[in-house]
>>> print(open('my_file_8.txt').read())   # compact mmCIF, C-alpha atoms
# COMPACT_ATOMS: atom_id res chain seq x y z
CA MET A 1 -2.30 34.65 -27.03
CA GLN A 2 -1.14 37.26 -24.55
CA PRO A 3 1.80 36.15 -22.35
CA GLU A 4 0.17 37.58 -19.21
CA LEU A 5 -2.62 35.01 -19.59
CA VAL A 6 -0.12 32.32 -18.61
CA ASP A 7 2.21 34.35 -16.43
CA THR A 8 -0.55 35.57 -14.13
CA GLY A 9 -2.22 32.15 -13.87
CA LYS A 10 -5.34 33.41 -15.64
CA LEU A 11 -5.43 30.42 -18.01
CA GLN A 12 -5.14 27.96 -15.16
CA ARG A 13 -7.96 29.63 -13.22
CA GLU A 14 -10.19 29.56 -16.29
CA LEU A 15 -9.46 25.91 -16.89
CA GLU A 16 -10.20 25.05 -13.27
CA ALA A 17 -13.55 26.87 -13.50
CA LEU A 18 -14.47 25.16 -16.76
CA LEU A 19 -13.56 21.72 -15.43
CA PHE A 20 -15.62 22.40 -12.32
CA VAL A 21 -18.84 23.42 -14.09
CA ALA A 22 -18.59 21.02 -17.05
CA SER A 23 -21.07 18.13 -17.05
CA GLU A 24 -18.88 16.09 -19.39
CA PRO A 25 -15.14 15.68 -20.06
CA LEU A 26 -13.62 18.57 -22.04
CA SER A 27 -10.91 17.89 -24.61
CA ILE A 28 -7.75 19.98 -24.94
CA LYS A 29 -9.02 21.23 -28.30
CA GLU A 30 -12.31 22.39 -26.76
CA LEU A 31 -10.58 24.04 -23.81
CA ALA A 32 -8.25 25.87 -26.18
CA ARG A 33 -11.20 27.09 -28.25
CA ILE A 34 -13.07 28.41 -25.21
CA THR A 35 -10.08 30.13 -23.57
CA GLY A 36 -8.41 31.34 -26.76
CA ALA A 37 -5.13 29.70 -25.75
CA GLU A 38 -2.90 27.40 -27.75
CA GLN A 39 -3.37 23.68 -27.25
CA SER A 40 0.23 23.37 -26.03
CA GLU A 41 -0.44 26.03 -23.40
CA VAL A 42 -3.59 24.24 -22.28
CA THR A 43 -1.59 21.01 -21.97
CA VAL A 44 1.00 22.68 -19.74
CA ALA A 45 -1.71 24.28 -17.58
CA LEU A 46 -3.50 20.95 -17.17
CA GLN A 47 -0.26 19.34 -16.02
CA LYS A 48 0.11 22.02 -13.34
CA ILE A 49 -3.50 21.53 -12.24
CA ASP A 50 -2.93 17.77 -12.04
CA GLU A 51 0.14 18.27 -9.84
CA GLU A 52 -1.51 20.80 -7.53
CA PHE A 53 -4.69 18.76 -7.05
CA SER A 54 -3.01 15.36 -6.72
CA ASN A 55 -3.33 15.29 -2.90
CA ARG A 56 -6.71 16.99 -2.58
CA GLY A 57 -10.27 15.75 -2.35
CA ILE A 58 -10.79 16.78 -5.96
CA VAL A 59 -8.46 15.39 -8.64
CA LEU A 60 -8.07 15.86 -12.37
CA ARG A 61 -8.98 12.84 -14.46
CA GLU A 62 -8.37 12.15 -18.14
CA ILE A 63 -11.33 10.15 -19.30
CA ALA A 64 -13.45 9.55 -22.41
CA GLY A 65 -11.14 11.65 -24.56
CA GLY A 66 -11.16 14.68 -22.28
CA TYR A 67 -10.55 16.07 -18.78
CA ARG A 68 -12.77 16.75 -15.81
CA PHE A 69 -12.64 17.09 -12.04
CA ALA A 70 -13.66 14.09 -9.95
CA SER A 71 -13.66 13.08 -6.31
CA ALA A 72 -10.43 11.52 -5.11
CA PRO A 73 -10.39 7.75 -4.50
CA ALA A 74 -9.20 8.43 -0.94
CA ALA A 75 -12.49 10.26 -0.26
CA ARG A 76 -14.66 7.50 -1.64
CA GLU A 77 -16.22 6.41 1.66
CA ALA A 78 -17.31 9.94 2.55
CA VAL A 79 -18.75 10.55 -0.91
CA GLU A 80 -20.65 7.24 -0.87
CA ALA A 81 -21.99 8.03 2.61
CA TYR A 82 -23.44 11.24 1.19
CA LEU A 83 -24.76 9.81 -2.08
CA LEU A 84 -26.04 6.47 -0.78
CA PRO A 85 -28.54 4.96 -0.25
CA PRO A 86 -29.97 3.86 -2.54
CA LYS A 87 -27.09 2.00 -4.12
CA ASN A 88 -27.92 1.78 -7.79
CA ASN A 89 -25.73 -1.01 -9.09
CA LEU A 90 -26.35 -2.79 -12.38
CA SER A 91 -27.77 -6.29 -12.20
CA PRO A 92 -25.72 -9.26 -13.47
CA ALA A 93 -28.03 -9.43 -16.51
CA ALA A 94 -27.43 -5.74 -17.27
CA LEU A 95 -23.66 -6.11 -16.89
CA GLU A 96 -23.67 -9.14 -19.19
CA THR A 97 -25.70 -7.28 -21.82
CA LEU A 98 -23.48 -4.22 -21.52
CA ALA A 99 -20.35 -6.35 -21.97
CA ILE A 100 -21.77 -7.93 -25.14
CA ALA A 101 -22.64 -4.51 -26.53
CA ALA A 102 -19.24 -3.06 -25.63
CA TYR A 103 -17.26 -5.78 -27.39
CA MET A 104 -19.55 -6.36 -30.38
CA GLN A 105 -20.92 -2.88 -31.07
CA PRO A 106 -22.78 -1.85 -33.05
CA VAL A 107 -25.11 -4.67 -32.07
CA THR A 108 -28.83 -5.39 -32.35
CA LYS A 109 -31.20 -6.62 -29.65
CA GLY A 110 -31.60 -9.89 -31.54
CA GLU A 111 -27.84 -10.48 -31.58
CA ILE A 112 -27.67 -9.85 -27.83
CA GLU A 113 -30.56 -12.23 -27.21
CA GLY A 114 -28.93 -14.83 -29.45
CA ILE A 115 -25.86 -14.82 -27.20
CA ARG A 116 -27.65 -14.63 -23.84
CA GLY A 117 -30.52 -16.93 -24.77
CA VAL A 118 -33.15 -14.75 -23.07
CA SER A 119 -35.15 -11.63 -23.86
CA ALA A 120 -33.19 -8.37 -23.53
CA ASP A 121 -36.04 -5.85 -23.76
CA SER A 122 -36.07 -4.70 -20.13
CA VAL A 123 -32.29 -4.83 -19.74
CA ILE A 124 -31.68 -2.70 -22.83
CA ALA A 125 -34.33 -0.24 -21.64
CA THR A 126 -32.47 0.06 -18.32
CA LEU A 127 -29.12 0.63 -20.03
CA LEU A 128 -30.67 3.26 -22.31
CA ASP A 129 -32.19 4.97 -19.28
CA ARG A 130 -28.83 4.94 -17.48
CA ARG A 131 -27.25 6.35 -20.68
CA PHE A 132 -24.76 3.50 -20.96
CA LEU A 133 -26.22 2.55 -24.36
CA THR A 134 -27.63 4.67 -27.15
CA GLU A 135 -29.38 3.96 -30.43
CA SER A 136 -27.03 4.21 -33.40
CA GLY A 137 -29.29 3.78 -36.42
CA ARG A 138 -30.68 0.64 -38.01
CA LYS A 139 -28.98 -2.41 -39.48
CA ASP A 140 -29.36 -2.88 -43.23
CA VAL A 141 -31.04 -6.29 -43.03
CA PRO A 142 -34.68 -7.40 -43.37
CA GLY A 143 -36.72 -5.75 -40.64
CA ARG A 144 -34.04 -3.05 -40.15
CA PRO A 145 -33.54 -3.64 -36.40
CA ILE A 146 -32.17 -0.87 -34.19
CA ILE A 147 -28.44 -1.10 -33.45
CA TYR A 148 -26.92 -0.01 -30.17
CA LYS A 149 -23.51 1.24 -29.07
CA THR A 150 -21.94 2.42 -25.81
CA THR A 151 -21.74 6.08 -24.77
CA PRO A 152 -19.17 8.44 -23.20
CA GLU A 153 -21.07 7.91 -19.93
CA PHE A 154 -20.18 4.23 -20.17
CA LEU A 155 -16.48 5.08 -20.54
CA GLU A 156 -16.66 7.48 -17.61
CA ALA A 157 -18.49 5.04 -15.34
CA PHE A 158 -15.90 2.32 -15.95
CA GLY A 159 -12.86 4.63 -15.90
CA LEU A 160 -11.91 4.14 -19.55
CA ARG A 161 -10.36 6.75 -21.82
CA SER A 162 -11.49 4.87 -24.94
CA LEU A 163 -12.83 1.50 -26.04
CA ASP A 164 -9.25 0.47 -26.81
CA GLU A 165 -8.72 0.07 -23.05
CA LEU A 166 -11.32 -2.68 -22.77
CA PRO A 167 -9.67 -5.86 -21.43
CA ALA A 168 -8.81 -8.39 -24.11
CA VAL A 169 -11.09 -11.44 -24.15
CA ASP A 170 -11.30 -14.64 -26.18
CA VAL A 171 -14.69 -13.97 -27.76
CA ASP A 172 -14.69 -17.11 -29.92
CA GLY A 173 -13.54 -19.37 -27.11
CA THR A 174 -11.17 -21.20 -29.46
CA ALA A 175 -8.10 -21.05 -27.25
CA PRO A 176 -7.25 -24.58 -26.07
CA VAL A 177 -7.32 -25.23 -22.37
CA GLU A 178 -4.48 -27.35 -21.04
CA LEU A 179 -5.01 -29.26 -17.84
CA ALA A 180 -2.19 -30.72 -15.78
CA LEU A 181 -3.48 -34.24 -15.21
CA PRO A 182 -1.68 -36.51 -12.73
CA ILE A 183 -0.01 -39.58 -14.30
CA PRO A 184 -0.68 -42.72 -12.18
CA THR A 185 2.42 -44.69 -11.22
CA LEU A 186 2.76 -48.17 -9.78
CA PRO A 187 5.16 -49.10 -6.95
CA LEU A 188 8.14 -51.21 -7.86
CA GLY A 189 7.60 -54.94 -7.69
CA ARG A 190 4.10 -54.99 -9.16
CA GLU A 191 3.21 -57.45 -11.93
CA SER A 192 3.26 -54.66 -14.49
CA ASP A 193 7.01 -54.13 -13.94
CA PRO A 194 8.78 -56.16 -16.63
CA ALA A 195 12.05 -56.13 -14.69
CA VAL A 196 10.61 -58.23 -11.89
CA SER A 197 7.76 -60.08 -13.57
CA ALA A 198 8.01 -63.89 -13.64
CA THR A 199 7.43 -65.90 -16.79
CA PRO A 200 6.08 -69.47 -16.89
CA ALA A 201 9.55 -70.74 -17.88
CA ASP A 202 11.12 -69.04 -14.87
CA THR A 203 8.52 -70.66 -12.63
CA ASP A 204 9.34 -74.14 -13.93
CA GLU A 205 13.05 -73.57 -13.36
CA VAL A 206 12.44 -72.51 -9.78
CA GLU A 207 10.25 -75.54 -9.06
CA GLU A 208 12.82 -77.90 -10.63
CA THR A 209 15.64 -76.38 -8.61
CA ASP A 210 13.65 -76.83 -5.40
CA ILE A 211 13.04 -80.50 -6.18
CA ASN A 212 16.73 -81.11 -6.91
CA ALA A 213 17.69 -79.44 -3.65
CA GLU A 214 15.34 -81.72 -1.73
CA ARG A 215 16.91 -84.77 -3.37
CA GLU A 216 20.41 -83.66 -2.48
CA THR A 217 19.54 -83.26 1.18
CA GLU A 218 17.60 -86.54 1.48
CA PRO A 219 19.59 -89.07 3.67
CA GLN A 220 20.99 -92.06 1.77
CA PRO A 221 21.31 -95.64 3.33
CA SER A 222 24.88 -96.57 4.22
CA ALA A 223 26.47 -99.75 2.93
CA VAL A 224 27.26 -102.21 5.74
>>> encode(input="my_file_8.txt", output="structure tokens")
Amino acid sequence: MQPELVDTGKLQRELEALLFVASEPLSIKELARITGAEQSEVTVALQKIDEEFSNRGIVLREIAGGYRFASAPAAREAVEAYLLPPKNNLSPAALETLAIAAYMQPVTKGEIEGIRGVSADSVIATLLDRRFLTESGRKDVPGRPIIYKTTPEFLEAFGLRSLDELPAVDVDGTAPVELALPIPTLPLGRESDPAVSATPADTDEVEETDINAERETEPQPSAV
């Protein structure tokens, strides 16, 4: 590559233009192929772009294995005011189905329905339409059902660089749950306290002592 491509900022301008017009994240390898630069040079130029755009309304994001420009989080309210309404959020059923597919992919509709306990036809159709799921062939079992997997659009929508960044979950639910249960205690002096409990023998001794005390204090006739 010619040194003036870097020295004059030509590479950086080309990268900025490509990132602006691209409809999907572009990898360093792809950017190097298009511009004719070395991958190391593209990496350095991307770092400069990231620094220069860090406090602007447009920022550089590394996502789904590549780079692209995106609106800054600080400008979210203004962007939403322009784009909304309607607000097109996924329903709880769609989010649940998408989570099952993300963690178990490739997965069939029957496997999803087996976990959720309800039909998934309409939900899967919605996720396919939103391009969060895509068909990935057929499972080699009787009936050869279609298998589904997530897409780069799914990673982009949820801010993930790869599926490895999915939060860890206990899919089997085998982890024991420990609860801190209160231990009941009895005040001192109750019958359950062996230190102060009275036995039948003790009771007899007390009664006998009381009788003897009464006899000692009883007045005796004097001899005249």
>>> residues_around(input="my_file_8.txt", residues="Pro92 (chain A)", least_positions_apart="4", cutoff="12 Å", atoms="only C-alpha atoms", output="ChimeraX atom specification")
/A:96-99,116,123
>>> closest_residue(input="my_file_8.txt", among="A:Ser40, A:Asn55, A:Ser27, A:Thr108", to="Ala120 (chain A)", atoms="only C-alpha atoms")
A:Thr108
>>> closest_residue(input="my_file_8.txt", among="A:Arg61, A:Arg68, A:Arg138, A:Lys109", to="Val21 (chain A)", atoms="all atoms listed in the file")
A:Arg68
>>> atom_distance(input="my_file_8.txt", atom1="CA of Leu166 (chain A)", atom2="CA of Val42 (chain A)")
28.0 Å
>>> residues_near_point(input="my_file_8.txt", point="(-2.3, 25.1, -18.8)", cutoff="12 Å", atoms="all atoms listed in the file", output="MDAnalysis selection string")
chainID A and resid 5:16 28 31:32 35:51
>>> atom_distance(input="my_file_8.txt", atom1="CA of Thr151 (chain A)", atom2="CA of Arg56 (chain A)")
28.9 Å
>>> atom_distance(input="my_file_8.txt", atom1="CA of Pro25 (chain A)", atom2="CA of Thr150 (chain A)")
16.0 Å
